[in-house]
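Q: Dropping the structure in here first, questions after.
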Amino acid sequence: MANKSVEFIKIELFKQGNKTEIDHHELKGLFEDIFKDHCILKKLDLFPDIKPDDIEPKYTLDIVSENPYLFGRICKQKSNNSVILRNYETLEADSVFDTEDAARKGIEVFTYFMLDYNTGILAIVNASDAPSPAVLNQVLDEYNKKYYMRQISIPNTDGVEVFLNSNRPELRALEFDIPSPSAEYLQKILGLDEDKICDMINEGVHSARIILKPVPYKSIVKETSKVRDIVNIIKENKSKYPEHVIVKGKSDDFGSRPFDLHAKYFSYPVTINKTHIVEGKRIEYTLKEMDIQFKTGIVNAYELNYDILLALADREMDGDE
């Protein structure tokens, strides 16, 4: 099981030349025309001038599905000498591709993304060594130079403000880490005698995590003025808890969700399983099965946070004035 995070990015669309911003809804037609004219089996070469055996890596866009959102993979070629091919019967190692094969084939790392044309919001899984979401700008940079995109990561710091200013906010839970808790504090909390506390401290207690939560399906505080007072106090004192401060809240405008006061950008966790059990044996998921997992996870993350993402991105739903 792998815990990953989905990050959200606002796409702005501009005309080259006069640099004027145009309606992000135009992106759908631009992308679909490019895909129609330049894709090979729903694969788009983002840097066609780069050859597979060049020093610079190739990047490829794989379109997995286009309804209701554009969902796919952004792929980046790894250098042939960064991986090896091993025969596990003889344990001999060799290059994955010889010189001739390297001119036609490659090994790639990739990350999954989803783009909602209606809102102009991009959701992408954060993965190490994977292509940057900025590579997606190459769709227009390479195939329609009349336009260009700008990506703006949706800030997390505004998220708790949206919560505070929403309709009837309720405080569902609080989490924060107390750095280097004192022996006196631990003694009161844990009810242990002084000798045992001293032994624990000598072992090096780095922090203590405090979680305040109500009974299931209830809120800690419902009165709007009190919710705002409490959260504002936590915001003012978050430097006292430098590693972990989470405010969990709900309102009439959106369901219950956490707000990390230290995270720079808004994100949402997803769980992806790499293996499963078949007839008592653990096996890896196929690429198509991973497509389904990632699509489900990204779409759920997006739709669960839809209302707050629109507010953070200052975008309106279709039909809104």
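In the structure tokens, each chain is lettered A, B, ... as it comes, each chain's residues begin at 1, and ligands are numbered from 1 in order of appearance.
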Could you go through range 130-206 of chain A and tell me which residues DSSP, when run on the backbone, assigns to helix (DSSP H, G or I), listing them as a compact mmCIF listing (two decimals) with all heavy atoms, in the first residue's frame?
A:
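What ended up in result_36.txt:
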```txt
# COMPACT_ATOMS: atom_id res chain seq x y z
N PRO A 133 4.59 18.72 -13.68
CA PRO A 133 3.35 19.07 -14.39
C PRO A 133 3.56 20.15 -15.44
O PRO A 133 2.78 20.26 -16.39
CB PRO A 133 2.42 19.55 -13.26
CG PRO A 133 3.32 19.85 -12.10
CD PRO A 133 4.48 18.93 -12.22
N ALA A 134 4.64 20.94 -15.31
CA ALA A 134 4.91 21.99 -16.29
C ALA A 134 5.15 21.43 -17.68
O ALA A 134 4.97 22.14 -18.68
CB ALA A 134 6.13 22.81 -15.85
N VAL A 135 5.52 20.14 -17.77
CA VAL A 135 5.74 19.51 -19.07
C VAL A 135 4.46 19.53 -19.90
O VAL A 135 4.50 19.55 -21.14
CB VAL A 135 6.27 18.07 -18.90
CG1 VAL A 135 6.41 17.37 -20.23
CG2 VAL A 135 7.61 18.09 -18.18
N LEU A 136 3.31 19.55 -19.24
CA LEU A 136 2.03 19.58 -19.96
C LEU A 136 1.89 20.84 -20.80
O LEU A 136 1.15 20.85 -21.79
CB LEU A 136 0.87 19.45 -18.97
CG LEU A 136 -0.49 19.06 -19.53
CD1 LEU A 136 -0.45 17.69 -20.18
CD2 LEU A 136 -1.55 19.08 -18.44
N ASN A 137 2.59 21.90 -20.43
CA ASN A 137 2.55 23.14 -21.22
C ASN A 137 3.07 22.91 -22.64
O ASN A 137 2.74 23.66 -23.57
CB ASN A 137 3.40 24.23 -20.57
CG ASN A 137 2.83 24.69 -19.24
OD1 ASN A 137 1.73 24.31 -18.86
ND2 ASN A 137 3.58 25.50 -18.52
N GLN A 138 3.86 21.85 -22.80
CA GLN A 138 4.48 21.57 -24.09
C GLN A 138 3.46 21.21 -25.16
O GLN A 138 3.75 21.31 -26.36
CB GLN A 138 5.51 20.44 -23.93
CG GLN A 138 6.37 20.16 -25.13
CD GLN A 138 7.30 21.30 -25.49
OE1 GLN A 138 7.52 22.20 -24.69
NE2 GLN A 138 7.86 21.27 -26.70
N VAL A 139 2.26 20.79 -24.75
CA VAL A 139 1.21 20.47 -25.73
C VAL A 139 0.97 21.68 -26.64
O VAL A 139 0.90 21.54 -27.87
CB VAL A 139 -0.10 20.05 -25.02
CG1 VAL A 139 -1.21 19.82 -26.05
CG2 VAL A 139 0.12 18.79 -24.20
N LEU A 140 0.84 22.87 -26.04
CA LEU A 140 0.66 24.08 -26.84
C LEU A 140 1.98 24.62 -27.36
O LEU A 140 2.06 25.08 -28.51
CB LEU A 140 -0.05 25.15 -26.02
CG LEU A 140 -1.50 24.86 -25.61
CD1 LEU A 140 -2.07 26.02 -24.81
CD2 LEU A 140 -2.38 24.58 -26.82
N ASP A 141 3.02 24.56 -26.54
CA ASP A 141 4.31 25.11 -26.96
C ASP A 141 4.83 24.44 -28.22
O ASP A 141 5.47 25.08 -29.06
CB ASP A 141 5.35 24.96 -25.85
CG ASP A 141 5.03 25.83 -24.64
OD1 ASP A 141 4.17 26.72 -24.76
OD2 ASP A 141 5.65 25.62 -23.58
N GLU A 142 4.51 23.16 -28.38
CA GLU A 142 5.01 22.41 -29.54
C GLU A 142 4.03 22.43 -30.70
O GLU A 142 4.43 22.53 -31.86
CB GLU A 142 5.30 20.96 -29.14
CG GLU A 142 5.81 20.08 -30.26
CD GLU A 142 7.15 20.54 -30.81
OE1 GLU A 142 8.01 20.97 -30.02
OE2 GLU A 142 7.33 20.49 -32.05
N TYR A 143 2.72 22.34 -30.41
CA TYR A 143 1.76 22.07 -31.47
C TYR A 143 0.80 23.22 -31.80
O TYR A 143 0.06 23.14 -32.78
CB TYR A 143 0.96 20.81 -31.13
CG TYR A 143 1.82 19.57 -31.11
CD1 TYR A 143 2.24 18.99 -29.92
CD2 TYR A 143 2.25 18.99 -32.31
CE1 TYR A 143 3.03 17.85 -29.91
CE2 TYR A 143 3.05 17.85 -32.31
CZ TYR A 143 3.44 17.29 -31.11
OH TYR A 143 4.24 16.18 -31.11
N GLY A 159 -6.85 27.96 2.19
CA GLY A 159 -7.89 26.97 2.42
C GLY A 159 -8.62 27.17 3.73
O GLY A 159 -9.86 27.12 3.79
N VAL A 160 -7.87 27.42 4.80
CA VAL A 160 -8.52 27.59 6.09
C VAL A 160 -9.33 28.89 6.11
O VAL A 160 -10.33 28.99 6.83
CB VAL A 160 -7.48 27.54 7.23
CG1 VAL A 160 -6.64 28.83 7.28
CG2 VAL A 160 -8.16 27.28 8.57
N GLU A 161 -8.93 29.90 5.29
CA GLU A 161 -9.71 31.12 5.20
C GLU A 161 -11.06 30.86 4.52
O GLU A 161 -12.08 31.41 4.93
CB GLU A 161 -8.93 32.19 4.42
CG GLU A 161 -7.62 32.61 5.06
CD GLU A 161 -7.83 33.20 6.44
OE1 GLU A 161 -8.88 33.85 6.67
OE2 GLU A 161 -6.94 33.01 7.30
N VAL A 162 -11.03 30.02 3.50
CA VAL A 162 -12.29 29.64 2.85
C VAL A 162 -13.20 28.93 3.84
O VAL A 162 -14.42 29.16 3.89
CB VAL A 162 -12.01 28.74 1.62
CG1 VAL A 162 -13.32 28.17 1.06
CG2 VAL A 162 -11.28 29.51 0.55
N PHE A 163 -12.60 28.08 4.68
CA PHE A 163 -13.37 27.39 5.72
C PHE A 163 -13.98 28.39 6.70
O PHE A 163 -15.18 28.34 7.00
CB PHE A 163 -12.47 26.40 6.45
CG PHE A 163 -13.01 25.89 7.75
CD1 PHE A 163 -14.21 25.19 7.79
CD2 PHE A 163 -12.33 26.12 8.94
CE1 PHE A 163 -14.73 24.73 9.00
CE2 PHE A 163 -12.83 25.66 10.15
CZ PHE A 163 -14.03 24.96 10.18
N LEU A 164 -13.16 29.33 7.18
CA LEU A 164 -13.64 30.29 8.17
C LEU A 164 -14.73 31.19 7.60
O LEU A 164 -15.64 31.61 8.34
CB LEU A 164 -12.48 31.14 8.68
CG LEU A 164 -11.46 30.43 9.56
CD1 LEU A 164 -10.33 31.38 9.93
CD2 LEU A 164 -12.11 29.87 10.81
N ALA A 183 8.86 16.61 31.09
CA ALA A 183 8.54 15.44 31.92
C ALA A 183 7.28 15.70 32.73
O ALA A 183 6.44 14.80 32.92
CB ALA A 183 9.72 15.12 32.83
N GLU A 184 7.10 16.93 33.20
CA GLU A 184 5.92 17.26 33.99
C GLU A 184 4.65 17.11 33.16
O GLU A 184 3.64 16.58 33.64
CB GLU A 184 6.04 18.69 34.51
CG GLU A 184 4.86 19.13 35.38
CD GLU A 184 4.98 20.57 35.86
OE1 GLU A 184 5.97 21.23 35.47
OE2 GLU A 184 4.09 21.02 36.59
N TYR A 185 4.71 17.56 31.92
CA TYR A 185 3.55 17.44 31.02
C TYR A 185 3.21 15.98 30.77
O TYR A 185 2.05 15.57 30.87
CB TYR A 185 3.85 18.16 29.71
CG TYR A 185 2.75 18.02 28.68
CD1 TYR A 185 1.64 18.85 28.71
CD2 TYR A 185 2.82 17.05 27.68
CE1 TYR A 185 0.63 18.72 27.78
CE2 TYR A 185 1.82 16.91 26.75
CZ TYR A 185 0.72 17.76 26.80
OH TYR A 185 -0.28 17.61 25.88
N LEU A 186 4.22 15.17 30.45
CA LEU A 186 3.98 13.76 30.18
C LEU A 186 3.46 13.02 31.41
O LEU A 186 2.63 12.12 31.32
CB LEU A 186 5.26 13.10 29.67
CG LEU A 186 5.75 13.56 28.29
CD1 LEU A 186 7.09 12.90 27.95
CD2 LEU A 186 4.73 13.21 27.22
N GLN A 187 3.95 13.44 32.57
CA GLN A 187 3.51 12.79 33.81
C GLN A 187 2.02 13.03 34.04
O GLN A 187 1.27 12.12 34.42
CB GLN A 187 4.32 13.32 34.98
CG GLN A 187 4.04 12.59 36.29
CD GLN A 187 4.94 13.07 37.41
OE1 GLN A 187 5.72 14.00 37.24
NE2 GLN A 187 4.84 12.43 38.58
N LYS A 188 1.57 14.26 33.74
CA LYS A 188 0.16 14.57 33.92
C LYS A 188 -0.71 13.85 32.90
O LYS A 188 -1.78 13.34 33.21
CB LYS A 188 -0.05 16.08 33.81
CG LYS A 188 0.50 16.88 34.97
CD LYS A 188 0.25 18.36 34.78
CE LYS A 188 0.77 19.18 35.95
NZ LYS A 188 0.53 20.64 35.77
N ILE A 189 -0.24 13.78 31.67
CA ILE A 189 -1.03 13.17 30.60
C ILE A 189 -1.09 11.66 30.74
O ILE A 189 -2.15 11.04 30.62
CB ILE A 189 -0.46 13.55 29.22
CG1 ILE A 189 -0.62 15.05 28.97
CG2 ILE A 189 -1.12 12.74 28.11
CD1 ILE A 189 -2.06 15.50 28.86
N LEU A 190 0.06 11.05 31.00
CA LEU A 190 0.13 9.58 30.99
C LEU A 190 -0.13 8.96 32.35
O LEU A 190 -0.38 7.76 32.44
CB LEU A 190 1.51 9.14 30.49
CG LEU A 190 1.87 9.59 29.06
CD1 LEU A 190 3.30 9.15 28.72
CD2 LEU A 190 0.90 9.01 28.06
N GLU A 194 7.31 9.42 38.37
CA GLU A 194 8.40 10.30 37.93
C GLU A 194 9.58 9.53 37.37
O GLU A 194 10.20 9.95 36.38
CB GLU A 194 8.85 11.16 39.12
CG GLU A 194 9.86 12.23 38.74
CD GLU A 194 10.18 13.13 39.91
OE1 GLU A 194 9.47 13.04 40.94
OE2 GLU A 194 11.12 13.92 39.79
N ASP A 195 9.93 8.38 37.97
CA ASP A 195 11.08 7.61 37.51
C ASP A 195 10.88 7.12 36.08
O ASP A 195 11.79 7.18 35.24
CB ASP A 195 11.35 6.42 38.43
CG ASP A 195 11.87 6.86 39.80
OD1 ASP A 195 12.39 8.00 39.87
OD2 ASP A 195 11.74 6.08 40.77
N LYS A 196 9.69 6.61 35.78
CA LYS A 196 9.42 6.09 34.44
C LYS A 196 9.41 7.22 33.41
O LYS A 196 9.86 7.03 32.28
CB LYS A 196 8.08 5.34 34.43
CG LYS A 196 8.12 4.03 35.20
CD LYS A 196 6.79 3.29 35.12
CE LYS A 196 6.88 1.96 35.88
NZ LYS A 196 5.59 1.23 35.85
N ILE A 197 8.88 8.37 33.81
CA ILE A 197 8.88 9.51 32.90
C ILE A 197 10.32 9.94 32.61
O ILE A 197 10.67 10.22 31.46
CB ILE A 197 8.09 10.68 33.50
CG1 ILE A 197 6.59 10.37 33.49
CG2 ILE A 197 8.36 11.97 32.74
CD1 ILE A 197 5.99 10.26 32.10
N CYS A 198 11.16 9.97 33.63
CA CYS A 198 12.56 10.35 33.43
C CYS A 198 13.27 9.38 32.49
O CYS A 198 14.06 9.78 31.63
CB CYS A 198 13.29 10.43 34.76
SG CYS A 198 12.81 11.86 35.76
N ASP A 199 12.99 8.07 32.65
CA ASP A 199 13.57 7.08 31.74
C ASP A 199 13.13 7.35 30.30
O ASP A 199 13.92 7.25 29.36
CB ASP A 199 13.15 5.67 32.16
CG ASP A 199 13.83 5.22 33.44
OD1 ASP A 199 14.85 5.84 33.80
OD2 ASP A 199 13.32 4.27 34.08
N MET A 200 11.86 7.70 30.14
CA MET A 200 11.33 7.96 28.81
C MET A 200 12.00 9.19 28.20
O MET A 200 12.40 9.19 27.03
CB MET A 200 9.81 8.16 28.88
CG MET A 200 9.13 8.37 27.53
SD MET A 200 7.37 8.74 27.71
CE MET A 200 6.79 7.23 28.50
N ILE A 201 12.12 10.24 28.98
CA ILE A 201 12.74 11.47 28.49
C ILE A 201 14.19 11.23 28.11
O ILE A 201 14.69 11.74 27.10
CB ILE A 201 12.63 12.59 29.55
CG1 ILE A 201 11.17 12.99 29.76
CG2 ILE A 201 13.47 13.80 29.13
CD1 ILE A 201 10.53 13.61 28.54
N ASN A 202 14.89 10.41 28.94
CA ASN A 202 16.29 10.12 28.64
C ASN A 202 16.46 9.39 27.32
O ASN A 202 17.52 9.46 26.68
CB ASN A 202 16.91 9.29 29.78
CG ASN A 202 17.12 10.12 31.03
OD1 ASN A 202 17.24 11.34 30.96
ND2 ASN A 202 17.14 9.46 32.19
N GLU A 203 15.44 8.65 26.91
CA GLU A 203 15.48 7.95 25.62
C GLU A 203 15.29 8.93 24.46
O GLU A 203 15.55 8.60 23.32
CB GLU A 203 14.40 6.86 25.56
CG GLU A 203 14.65 5.68 26.49
CD GLU A 203 15.90 4.92 26.10
OE1 GLU A 203 16.19 4.79 24.89
OE2 GLU A 203 16.61 4.46 27.02
```
Q: What lies within 7 Å of Pro131 in chain A using only C-alpha atoms, ignoring chain neighbours under 2 positions off, as a ChimeraX atom specification?
A: /A:74-76,110-111,129,133,135
Q: To one decimal place in Å, what is the distance between CA of Leu312 in chain A and CA of Glu170 in chain A?
A: 19.1 Å
Q: Which residues, written as a list of chain:residue names, have at least one atom at most 7 Å from Ile246 in chain A, with only C-alpha atoms counted and residues fewer than 6 positions away on the same chain left out?
A: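 Skipping anything fewer than 6 positions along the chain leaves A:Leu174, A:Glu175, A:Phe176, A:Pro258, A:Phe259, A:Asp260, A:Leu261.
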Q: May I ask for the distance between CA of Lys10 in chain A and CA of Phe113 in chain A, given in Å to one decimal place?
A: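 Computing the Euclidean distance for CA of Lys10 in chain A and CA of Phe113 in chain A yields 13.1 Å.
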Q: I'd like to know which of A:Asn81, A:Ser65, A:Ser180, A:Asn118 is closest to Thr99 in chain A, using only C-alpha atoms.
A: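 Among the listed residues, the smallest separation from Thr99 in chain A belongs to A:Asn81.
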Q: DSSP on the backbone: which residues in range 117-259 of chain A end up as strand (DSSP E)? Give the answer as a ChimeraX atom specification.
A: /A:121-125,147-153,170-179,207-212,245-250,257-259
Q: Show me, as a list in words, the residues that have an atom within 6 Å of range 18-30 of chain A when counting only C-alpha atoms, minus same-chain residues fewer than 4 positions from it.
A: Leu13, Phe14, Tyr117, Asn118 and Gly120 of chain A
Q: Report as a VMD selection string all protein, DNA and RNA residues lying within 12 Å of Asp49 in chain A, evaluated on only C-alpha atoms, omitting residues in the same chain fewer than 4 positions from it.
A: chain A and resid 45 53 to 54 56 to 59 142
Q: Just how far from CA of Val245 in chain A is CA of Thr296 in chain A, in Å to one decimal?
A: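 Here the two named atoms are 28.3 Å from each other.
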Q: What's the 8 Å shell around range 105-108 of chain A, counting only C-alpha atoms, without same-chain residues fewer than 5 positions away, as a PDB file with N, CA and C atoms, in the first residue's frame?
A:
```
ATOM      1  N   PRO A  52      15.226   9.232 -29.424  1.00  0.00           N
ATOM      2  CA  PRO A  52      15.315   8.335 -28.273  1.00  0.00           C
ATOM      3  C   PRO A  52      16.733   8.133 -27.741  1.00  0.00           C
ATOM      4  N   CYS A  75       4.982  11.032 -19.187  1.00  0.00           N
ATOM      5  CA  CYS A  75       6.070  10.069 -19.086  1.00  0.00           C
ATOM      6  C   CYS A  75       7.412  10.698 -19.443  1.00  0.00           C
ATOM      7  N   LYS A  76       8.446  10.292 -18.721  1.00  0.00           N
ATOM      8  CA  LYS A  76       9.790  10.825 -18.940  1.00  0.00           C
ATOM      9  C   LYS A  76      10.763   9.663 -19.134  1.00  0.00           C
ATOM     10  N   GLN A  77      11.559   9.738 -20.171  1.00  0.00           N
ATOM     11  CA  GLN A  77      12.533   8.695 -20.477  1.00  0.00           C
ATOM     12  C   GLN A  77      13.688   8.721 -19.473  1.00  0.00           C
ATOM     13  N   LYS A  78      14.083   7.534 -18.998  1.00  0.00           N
ATOM     14  CA  LYS A  78      15.276   7.392 -18.169  1.00  0.00           C
ATOM     15  C   LYS A  78      16.446   7.015 -19.068  1.00  0.00           C
ATOM     16  N   SER A  79      17.624   7.443 -18.700  1.00  0.00           N
ATOM     17  CA  SER A  79      18.798   7.116 -19.500  1.00  0.00           C
ATOM     18  C   SER A  79      19.072   5.607 -19.437  1.00  0.00           C
ATOM     19  N   ASN A  80      19.548   5.061 -20.531  1.00  0.00           N
ATOM     20  CA  ASN A  80      19.757   3.626 -20.644  1.00  0.00           C
ATOM     21  C   ASN A  80      20.782   3.110 -19.633  1.00  0.00           C
ATOM     22  N   PHE A  97      19.124  -1.945 -23.307  1.00  0.00           N
ATOM     23  CA  PHE A  97      19.071  -1.844 -24.766  1.00  0.00           C
ATOM     24  C   PHE A  97      20.484  -1.713 -25.321  1.00  0.00           C
TER      25      PHE A  97
END
```
Q: Restricting the calculation to only C-alpha atoms: of A:Val215, A:Ile9, A:Val247, A:Ala263, which residue gets closest to Arg228 in chain A?
A: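 The closest residue to Arg228 in chain A is A:Val247.
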Q: Would you mind listing what lies within 10 Å of Lys213 in chain A as a PyMOL selection string, with only C-alpha atoms counted and same-chain residues fewer than 2 positions away left out?
A: chain A and resi 171-175+210-211+215-216+218-220+248
